[in-house]
4 protein chains.
Amino acid sequence: YGKNTIKFLRLHKEGKKQFVKEVEVCAHLRLTSPQEYLEGNNCLVIPTDTIKNIVLVLAKKNGIPSLEQFAIDICNHFMTTFCQVAYVKAYVQEVPWQRLHEDGVPHIHSFICVPDGIRFCEAEQCRNGPLLVFAGIKDLKLMKTTQSGFEGFYKNEHTTLPERHDRILCGELFCKWSYGECKDFDFNCIWKKIRECILEAFAGPPDCGEYSPSYQKTVNCIQMHVLSRVSQVQVIEVVLNNTFYNVVDMKNLGLTNDKEVLVPVEAPYGSCACTLGRKKFFEA
Amino acid sequence: YGKNTIKFLRLHKEGKKQFVKEVEVCAHLRLTSPQEYLEGNNCLVIPTDTIKNIVLVLAKKNGIPSLEQFAIDICNHFMTTFCQVAYVKAYVQEVPWQRLHEDGVPHIHSFICVPDGIRFCEAEQCRNGPLLVFAGIKDLKLMKTTQSGFEGFYKNEHTTLPERHDRILCGELFCKWSYGECKDFDFNCIWKKIRECILEAFAGPPDCGEYSPSYQKTVNCIQMHVLSRVSQVQVIEVVLNNTFYNVVDMKNLGLTNDKEVLVPVEAPYGSCACTLGRKKFFEA
Amino acid sequence: YGKNTIKFLRLHKEGKKQFVKEVEVCAHLRLTSPQEYLEGNNCLVIPTDTIKNIVLVLAKKNGIPSLEQFAIDICNHFMTTFCQVAYVKAYVQEVPWQRLHEDGVPHIHSFICVPDGIRFCEAEQCRNGPLLVFAGIKDLKLMKTTQSGFEGFYKNEHTTLPERHDRILCGELFCKWSYGECKDFDFNCIWKKIRECILEAFAGPPDCGEYSPSYQKTVNCIQMHVLSRVSQVQVIEVVLNNTFYNVVDMKNLGLTNDKEVLVPVEAPYGSCACTLGRKKFFEA
Amino acid sequence: YGKNTIKFLRLHKEGKKQFVKEVEVCAHLRLTSPQEYLEGNNCLVIPTDTIKNIVLVLAKKNGIPSLEQFAIDICNHFMTTFCQVAYVKAYVQEVPWQRLHEDGVPHIHSFICVPDGIRFCEAEQCRNGPLLVFAGIKDLKLMKTTQSGFEGFYKNEHTTLPERHDRILCGELFCKWSYGECKDFDFNCIWKKIRECILEAFAGPPDCGEYSPSYQKTVNCIQMHVLSRVSQVQVIEVVLNNTFYNVVDMKNLGLTNDKEVLVPVEAPYGSCACTLGRKKFFEA
């Protein structure tokens, strides 16, 4: 089992207009025989330097029409070229460069990095098995300043948390979904649609929102919404890393504080995760 | 000399619409006498816990109409309340929460974190001195994929760098400017205008850009542009941390590479900085 | 599925001598029913705040004689107290405080943080299943300046790496091993012995070392050595994140460089991993 | 003004025994004319690539007998070689590799990274000015579990902190000192002595320690101790970033907690800093 990380830039032009894709690729390989571990025999080992060269050559030849297509290309190359490869996984992650606009006019060659959620994907294949494709978004930080509570939870002698019906809901989302054995999807378009679904399900309608009785329920809402709207998604995993905020008690300072000033609570730091599929329910 | 970092959230409502400001405040104090260092006499020391309380109380009472106004409020409070304070500096930095939009409609209480450049400011005052205000932007990552070169530099026996007239210009910008002894500025509006000026000067006109002969010259262009457009700015400091990219040599792999695939060069990692004022020229 | 991270300090005294343990505990729980996700019904949910209280109470009552015993205590508590818990895992990691010494004399209450490899452990249990205990070390950075090479690897048209028989071997080790259903082990003593085995296997004899033909073979040597010396270990997983160094080519600068000056190669960044058990061989 | 960061390894052998030094060097240059900023004229600019080459060549030719000597060599080279350089500063920082020992026997070529305080130094020179040398230690984390308090501080209506005479003192130290215009010092030996002085002053006698009435007083003790013991030190700056710990209130959980379980307080995060010289007293 070995893995490599390579970071590079792929540029292309259409007329004078420039396009840029900066990606980090991580290729995992497992060979059919572990002889390099047991015997120190390197004759089947593909050096990380060679893997780097292959990834760069594929980027040069095929470009990166979508992260998913590029990950598929990498898997295909290793499976068809090296008979000693038993398993290959390609993880591709994007640096979120966006074209600059001046007064609404797009700039032909200037870009700004806007990390409001990082797009990634994975393609993996075992020899003689199907090629599976996953995609996802990570580091997506969201907040609702109201319409969130936590009540009716289990209580015993170690319980000190009060019930709350108007707290802050804030967290960092990680979502990863499976496309199954996909063919000819418009991966860029689907990804954008899923991102929109996630934001809609998190926030609720723009004029009133939707009450969240727990982080767990919000996780489920996101999953249900994506599954109902995007037929290409087979299974969706969501992890929500919570940041809790406490309303500062200002009584000793002679003031009331009607949820106006809050401080983040560093400990405990919680997260909840759930994986939801089309027919079966998995929870891990 | 002591300093404190406090992070908190300030919410307010206008009707049902919610507004959020999350800030990190760092207060620096210097007392008139160093007796707590020399003699271990704490009688004039203001504990960090008290400083935290004061910052939170000011946020509760005044809100945070702009980062700059809040920093000014902190300075004023310490100078007028504690006669043992000889110097105070308040640094305020924002977590870049932006209101979510669904199909163009703004959401009343949901926000997304979009860190495409972090806004910060500083106010500082010595007893019997003027109150000085600075503002800035940091962690602003920009790239030009063409219209950048580096030629005609000094050469000797240690030179191995080739001249280039079509390289990538990529870097992380830090800009900090001084408003002098400002009064009644619309800090939010000015800050947005300066951010636009920085992007314009970096990128050049949207249809063709502007050739950059060096990172240094781009730094200077940004400074000149801001000074010429925003009369409130007295002095502006710009630091540009460069990320270099090398075109991958693919000759050994049997391919030409016409600036299509590039890899970041981790070392040397460079940066250039310059401080420019209205009449005098400072370089440090 | 939910998880929590709590960081705290546990002090105790023997006479005037003080002892300190600072740990980070992460508790994972899965409930028998996912109703809080599907229905927003919180009646079985144990809040993260309660979990924090339980961990702190256990630390207060039992102390932390070893990380492993503390993780076992946490598992036992949740399994015996909450019938709605289907699965519990406790991860415990140590802040590496070491007692200060002055001229060889240990200080009674002063400590220094020495992060030369971080100790951690995990205990996990499914309802009606055995309690399994794992331990490990992470962030252990090691280097051999000679006695390492990489030759005889697979070559094709994408190969540009030269063969080397005297390179630097440098990397960051992660090792995790299983004790099975352990009882009454002296976890502190065993952990120290395993750490020594890892260092011995990595470095070889002090007077001459041992030649490593690949990172993979070094990974295997560490595993074989631990399994042969420490009978309590059932299975051991080792991940080695490689840092490659290139000898700087100084020909253009008129100098020879006999492996005297080397620069780290940031990309590709590789790692190799292997899991080895007593009878069966797993590779993942 | 420009700066560069270069990281590299310098190896040398004495017989079969191998020695390693891994350093990060940052060179700051200011030229006599700012024409590259104002006019985009690069004819005096020394590219970062050339600076990197020079640093590597100096390492190859001179080795790194001490960080300080290497920083001095860099300054001297730039001042004597380039008449367009008005100012040069070289910052050198060490990766803390230590030789591995097996049963007390030192290994000839294996090393472990032990980051218990990072050694660094700076040399700087203006044209026609003296060469000044500084050295220091950073990221040194220390803790006293008793013999620390904070009482008698200034109180007003914003004070909520209770007085304490037995708290934890924990922090991360940064110390930097000046050697003035040093000549022919044994920098390695002096640095080790100063590190010992810092630890002694922080901890007090091993059998009983010494009471600290405040972080500020501890900072001063460290400075006074170093100045009194190490005659080569002219001025010493100390910054102590405090980590506060609170004794957990367990009354609601039916338990007393006699300073046995404590949690770190993330906010406010404080630091105190002081600069002390031989005759004059500076505080900043």
# chains A, B, ... in the order shown; residues from 1 in each chain; ligands from 1
call {"tool": "closest_atom_pairs", "arguments": {"of": "chain C", "to": "chain B", "cutoff": "10 Å", "atoms": "only C-alpha atoms", "output": "Markdown table"}}
result
| residue | atom | partner | partner_atom | distance |
| --- | --- | --- | --- | --- |
| C:Glu157 | CA | B:Leu253 | CA | 7.0 |
| C:His158 | CA | B:Leu253 | CA | 6.2 |
| C:Thr159 | CA | B:Leu253 | CA | 8.3 |
| C:Thr160 | CA | B:Asn252 | CA | 7.5 |
| C:Asn252 | CA | B:Thr160 | CA | 7.5 |
| C:Leu253 | CA | B:His158 | CA | 6.2 |
| C:Gly254 | CA | B:Glu157 | CA | 8.9 |
| C:Val263 | CA | B:Ala267 | CA | 8.6 |
| C:Pro264 | CA | B:Ala267 | CA | 8.9 |
| C:Val265 | CA | B:Glu266 | CA | 8.4 |
| C:Glu266 | CA | B:Glu266 | CA | 6.7 |
| C:Ala267 | CA | B:Val263 | CA | 8.6 |
call {"tool": "residues_around", "arguments": {"residues": "D:Leu58", "least_positions_apart": "2", "cutoff": "12 Å", "atoms": "only C-alpha atoms", "output": "ChimeraX atom specification"}}
result
/B:158 /C:250,253,255,260-261 /D:10,25,51-56,60-65,69-78
call {"tool": "atom_distance", "arguments": {"atom1": "atom CA of D:His28", "atom2": "atom CA of B:Tyr154"}}
result
16.7 Å
call {"tool": "atom_distance", "arguments": {"atom1": "atom CA of C:Leu199", "atom2": "atom CA of C:Cys170"}}
result
13.0 Å
call {"tool": "residues_around", "arguments": {"residues": "D:Leu100", "least_positions_apart": "6", "cutoff": "7 Å", "atoms": "only C-alpha atoms", "output": "VMD selection string"}}
result
chain D and resid 106 to 107 110 to 112
call {"tool": "write_last_selection", "arguments": {"atoms": "C-alpha atoms", "output": "PDB file, in the first residue's frame"}}
result
ATOM      1  CA  PRO D 106      25.040   6.859  20.346  1.00  0.00           C
ATOM      2  CA  HIS D 107      24.095   5.738  16.832  1.00  0.00           C
ATOM      3  CA  SER D 110      20.374   7.823  12.989  1.00  0.00           C
ATOM      4  CA  PHE D 111      18.521  10.811  14.390  1.00  0.00           C
ATOM      5  CA  ILE D 112      15.209  11.686  16.030  1.00  0.00           C
TER       6      ILE D 112
END
call {"tool": "atom_distance", "arguments": {"atom1": "atom CA of B:Asn188", "atom2": "atom CA of B:Leu67"}}
result
8.4 Å
call {"tool": "closest_residue", "arguments": {"among": "B:Val23, B:Leu131, B:Ile108, B:Ala273", "to": "A:Thr145", "atoms": "only C-alpha atoms"}}
result
B:Ile108
call {"tool": "select_by_dssp", "arguments": {"residues": "stretch 155-272 of chain A", "states": "strand (DSSP E or B)", "output": "ChimeraX atom specification"}}
result
/A:164,169-178,212,235-242,244-247,261-265,269-272
call {"tool": "select_by_dssp", "arguments": {"residues": "stretch 183-223 of chain B", "states": "helix (DSSP H, G or I)", "output": "PyMOL selection string"}}
result
chain B and resi 187-203+215-223
call {"tool": "residues_around", "arguments": {"residues": "B:Asn41", "least_positions_apart": "3", "cutoff": "12 Å", "atoms": "only C-alpha atoms", "output": "PDB file with N, CA, C and O atoms, in the first residue's frame"}}
result
ATOM      1  N   SER B  33       4.182  52.191  34.743  1.00  0.00           N
ATOM      2  CA  SER B  33       5.296  51.715  35.561  1.00  0.00           C
ATOM      3  C   SER B  33       5.465  50.215  35.371  1.00  0.00           C
ATOM      4  O   SER B  33       4.488  49.481  35.324  1.00  0.00           O
ATOM      5  N   PRO B  34       6.711  49.738  35.248  1.00  0.00           N
ATOM      6  CA  PRO B  34       6.929  48.300  35.083  1.00  0.00           C
ATOM      7  C   PRO B  34       7.039  47.567  36.415  1.00  0.00           C
ATOM      8  O   PRO B  34       7.684  46.542  36.508  1.00  0.00           O
ATOM      9  N   GLN B  35       6.414  48.082  37.471  1.00  0.00           N
ATOM     10  CA  GLN B  35       6.651  47.509  38.795  1.00  0.00           C
ATOM     11  C   GLN B  35       6.202  46.061  38.923  1.00  0.00           C
ATOM     12  O   GLN B  35       6.735  45.311  39.734  1.00  0.00           O
ATOM     13  N   GLU B  36       5.219  45.649  38.080  1.00  0.00           N
ATOM     14  CA  GLU B  36       4.797  44.254  38.195  1.00  0.00           C
ATOM     15  C   GLU B  36       5.871  43.316  37.676  1.00  0.00           C
ATOM     16  O   GLU B  36       5.945  42.165  38.105  1.00  0.00           O
ATOM     17  N   TYR B  37       6.696  43.793  36.763  1.00  0.00           N
ATOM     18  CA  TYR B  37       7.791  42.954  36.296  1.00  0.00           C
ATOM     19  C   TYR B  37       8.916  42.935  37.316  1.00  0.00           C
ATOM     20  O   TYR B  37       9.447  41.897  37.659  1.00  0.00           O
ATOM     21  N   LEU B  38       9.253  44.134  37.816  1.00  0.00           N
ATOM     22  CA  LEU B  38      10.453  44.243  38.644  1.00  0.00           C
ATOM     23  C   LEU B  38      10.216  43.777  40.069  1.00  0.00           C
ATOM     24  O   LEU B  38      11.063  43.132  40.673  1.00  0.00           O
ATOM     25  N   LEU B  44      -1.370  47.596  40.026  1.00  0.00           N
ATOM     26  CA  LEU B  44      -1.856  48.348  38.863  1.00  0.00           C
ATOM     27  C   LEU B  44      -2.242  47.448  37.686  1.00  0.00           C
ATOM     28  O   LEU B  44      -2.734  47.915  36.664  1.00  0.00           O
ATOM     29  N   VAL B  45      -1.984  46.151  37.846  1.00  0.00           N
ATOM     30  CA  VAL B  45      -2.193  45.230  36.722  1.00  0.00           C
ATOM     31  C   VAL B  45      -3.678  45.012  36.448  1.00  0.00           C
ATOM     32  O   VAL B  45      -4.447  44.726  37.369  1.00  0.00           O
TER      33      VAL B  45
ATOM     34  N   PHE D 150      -1.797  34.750  41.638  1.00  0.00           N
ATOM     35  CA  PHE D 150      -2.035  36.084  41.064  1.00  0.00           C
ATOM     36  C   PHE D 150      -3.022  36.783  41.991  1.00  0.00           C
ATOM     37  O   PHE D 150      -4.198  36.450  42.042  1.00  0.00           O
ATOM     38  N   GLU D 151      -2.495  37.728  42.758  1.00  0.00           N
ATOM     39  CA  GLU D 151      -3.288  38.401  43.784  1.00  0.00           C
ATOM     40  C   GLU D 151      -2.974  39.887  43.790  1.00  0.00           C
ATOM     41  O   GLU D 151      -1.968  40.330  43.242  1.00  0.00           O
ATOM     42  N   GLY D 152      -3.850  40.646  44.424  1.00  0.00           N
ATOM     43  CA  GLY D 152      -3.583  42.070  44.646  1.00  0.00           C
ATOM     44  C   GLY D 152      -3.637  42.906  43.391  1.00  0.00           C
ATOM     45  O   GLY D 152      -3.074  43.999  43.341  1.00  0.00           O
ATOM     46  N   PHE D 153      -4.314  42.402  42.346  1.00  0.00           N
ATOM     47  CA  PHE D 153      -4.369  43.163  41.095  1.00  0.00           C
ATOM     48  C   PHE D 153      -5.441  44.252  41.178  1.00  0.00           C
ATOM     49  O   PHE D 153      -6.241  44.296  42.108  1.00  0.00           O
ATOM     50  N   TYR D 154      -5.421  45.130  40.200  1.00  0.00           N
ATOM     51  CA  TYR D 154      -6.349  46.252  40.122  1.00  0.00           C
ATOM     52  C   TYR D 154      -7.778  45.755  39.928  1.00  0.00           C
ATOM     53  O   TYR D 154      -8.021  44.860  39.123  1.00  0.00           O
ATOM     54  N   SER D 212       5.829  32.203  42.118  1.00  0.00           N
ATOM     55  CA  SER D 212       5.679  33.242  41.107  1.00  0.00           C
ATOM     56  C   SER D 212       4.402  34.025  41.360  1.00  0.00           C
ATOM     57  O   SER D 212       3.305  33.475  41.292  1.00  0.00           O
ATOM     58  N   PRO D 213       4.517  35.331  41.652  1.00  0.00           N
ATOM     59  CA  PRO D 213       3.310  36.127  41.927  1.00  0.00           C
ATOM     60  C   PRO D 213       2.597  36.588  40.657  1.00  0.00           C
ATOM     61  O   PRO D 213       1.514  37.163  40.752  1.00  0.00           O
ATOM     62  N   SER D 214       3.178  36.356  39.476  1.00  0.00           N
ATOM     63  CA  SER D 214       2.551  36.754  38.211  1.00  0.00           C
ATOM     64  C   SER D 214       3.412  36.242  37.062  1.00  0.00           C
ATOM     65  O   SER D 214       4.596  35.953  37.238  1.00  0.00           O
ATOM     66  N   TYR D 215       2.806  36.133  35.888  1.00  0.00           N
ATOM     67  CA  TYR D 215       3.570  35.803  34.690  1.00  0.00           C
ATOM     68  C   TYR D 215       4.654  36.849  34.457  1.00  0.00           C
ATOM     69  O   TYR D 215       5.770  36.540  34.076  1.00  0.00           O
ATOM     70  N   GLN D 216       4.290  38.099  34.709  1.00  0.00           N
ATOM     71  CA  GLN D 216       5.228  39.196  34.473  1.00  0.00           C
ATOM     72  C   GLN D 216       6.505  39.036  35.301  1.00  0.00           C
ATOM     73  O   GLN D 216       7.619  39.244  34.811  1.00  0.00           O
ATOM     74  N   LYS D 217       6.334  38.674  36.578  1.00  0.00           N
ATOM     75  CA  LYS D 217       7.492  38.534  37.451  1.00  0.00           C
ATOM     76  C   LYS D 217       8.370  37.368  37.001  1.00  0.00           C
ATOM     77  O   LYS D 217       9.609  37.445  37.063  1.00  0.00           O
TER      78      LYS D 217
END
call {"tool": "residues_around", "arguments": {"residues": "C:Met143", "least_positions_apart": "4", "cutoff": "10 Å", "atoms": "only C-alpha atoms", "output": "list in words"}}
result
Ile168, Leu169, Cys170, Gly171, Glu172, Phe202, Ala203 and Thr243 of chain C; Val20, Trp97, Gln98, Arg99, Leu100, His109, Ser110, Phe111, Ile112 and Cys113 of chain D
call {"tool": "decode", "arguments": {"residues": "stretch 48-62 of chain C", "atoms": "N, CA, C and O atoms", "output": "mmCIF file, in the first residue's frame"}}
result
data_model
loop_
_atom_site.group_PDB
_atom_site.id
_atom_site.type_symbol
_atom_site.label_atom_id
_atom_site.label_comp_id
_atom_site.auth_asym_id
_atom_site.auth_seq_id
_atom_site.Cartn_x
_atom_site.Cartn_y
_atom_site.Cartn_z
ATOM 1 N N THR C 48 -23.224 16.114 24.196
ATOM 2 C CA THR C 48 -21.769 16.194 24.307
ATOM 3 C C THR C 48 -21.355 16.775 25.655
ATOM 4 O O THR C 48 -20.329 16.394 26.205
ATOM 5 N N ASP C 49 -22.165 17.669 26.177
ATOM 6 C CA ASP C 49 -21.864 18.256 27.472
ATOM 7 C C ASP C 49 -21.883 17.204 28.580
ATOM 8 O O ASP C 49 -21.044 17.231 29.491
ATOM 9 N N THR C 50 -22.817 16.281 28.502
ATOM 10 C CA THR C 50 -22.886 15.196 29.493
ATOM 11 C C THR C 50 -21.685 14.266 29.338
ATOM 12 O O THR C 50 -21.080 13.836 30.339
ATOM 13 N N ILE C 51 -21.330 13.975 28.098
ATOM 14 C CA ILE C 51 -20.166 13.111 27.849
ATOM 15 C C ILE C 51 -18.918 13.749 28.448
ATOM 16 O O ILE C 51 -18.118 13.085 29.111
ATOM 17 N N LYS C 52 -18.769 15.036 28.255
ATOM 18 C CA LYS C 52 -17.641 15.767 28.849
ATOM 19 C C LYS C 52 -17.638 15.604 30.367
ATOM 20 O O LYS C 52 -16.609 15.291 30.972
ATOM 21 N N ASN C 53 -18.810 15.802 30.981
ATOM 22 C CA ASN C 53 -18.887 15.673 32.439
ATOM 23 C C ASN C 53 -18.472 14.275 32.895
ATOM 24 O O ASN C 53 -17.741 14.120 33.877
ATOM 25 N N ILE C 54 -18.912 13.266 32.181
ATOM 26 C CA ILE C 54 -18.586 11.886 32.563
ATOM 27 C C ILE C 54 -17.087 11.645 32.477
ATOM 28 O O ILE C 54 -16.475 11.063 33.379
ATOM 29 N N VAL C 55 -16.468 12.107 31.406
ATOM 30 C CA VAL C 55 -15.022 11.904 31.243
ATOM 31 C C VAL C 55 -14.267 12.590 32.377
ATOM 32 O O VAL C 55 -13.343 12.013 32.970
ATOM 33 N N LEU C 56 -14.698 13.809 32.729
ATOM 34 C CA LEU C 56 -14.006 14.540 33.799
ATOM 35 C C LEU C 56 -14.225 13.863 35.148
ATOM 36 O O LEU C 56 -13.297 13.779 35.971
ATOM 37 N N VAL C 57 -15.441 13.364 35.378
ATOM 38 C CA VAL C 57 -15.725 12.680 36.651
ATOM 39 C C VAL C 57 -14.899 11.400 36.763
ATOM 40 O O VAL C 57 -14.319 11.101 37.828
ATOM 41 N N LEU C 58 -14.787 10.644 35.677
ATOM 42 C CA LEU C 58 -13.973 9.428 35.706
ATOM 43 C C LEU C 58 -12.506 9.759 35.983
ATOM 44 O O LEU C 58 -11.827 9.055 36.728
ATOM 45 N N ALA C 59 -12.021 10.837 35.392
ATOM 46 C CA ALA C 59 -10.627 11.243 35.620
ATOM 47 C C ALA C 59 -10.427 11.629 37.086
ATOM 48 O O ALA C 59 -9.408 11.294 37.697
ATOM 49 N N LYS C 60 -11.411 12.312 37.640
ATOM 50 C CA LYS C 60 -11.348 12.719 39.037
ATOM 51 C C LYS C 60 -11.354 11.484 39.950
ATOM 52 O O LYS C 60 -10.539 11.380 40.883
ATOM 53 N N LYS C 61 -12.248 10.538 39.679
ATOM 54 C CA LYS C 61 -12.413 9.389 40.574
ATOM 55 C C LYS C 61 -11.298 8.354 40.417
ATOM 56 O O LYS C 61 -10.784 7.833 41.406
ATOM 57 N N ASN C 62 -10.925 8.045 39.172
ATOM 58 C CA ASN C 62 -9.988 6.938 38.937
ATOM 59 C C ASN C 62 -8.565 7.402 38.670
ATOM 60 O O ASN C 62 -7.642 6.590 38.688
#
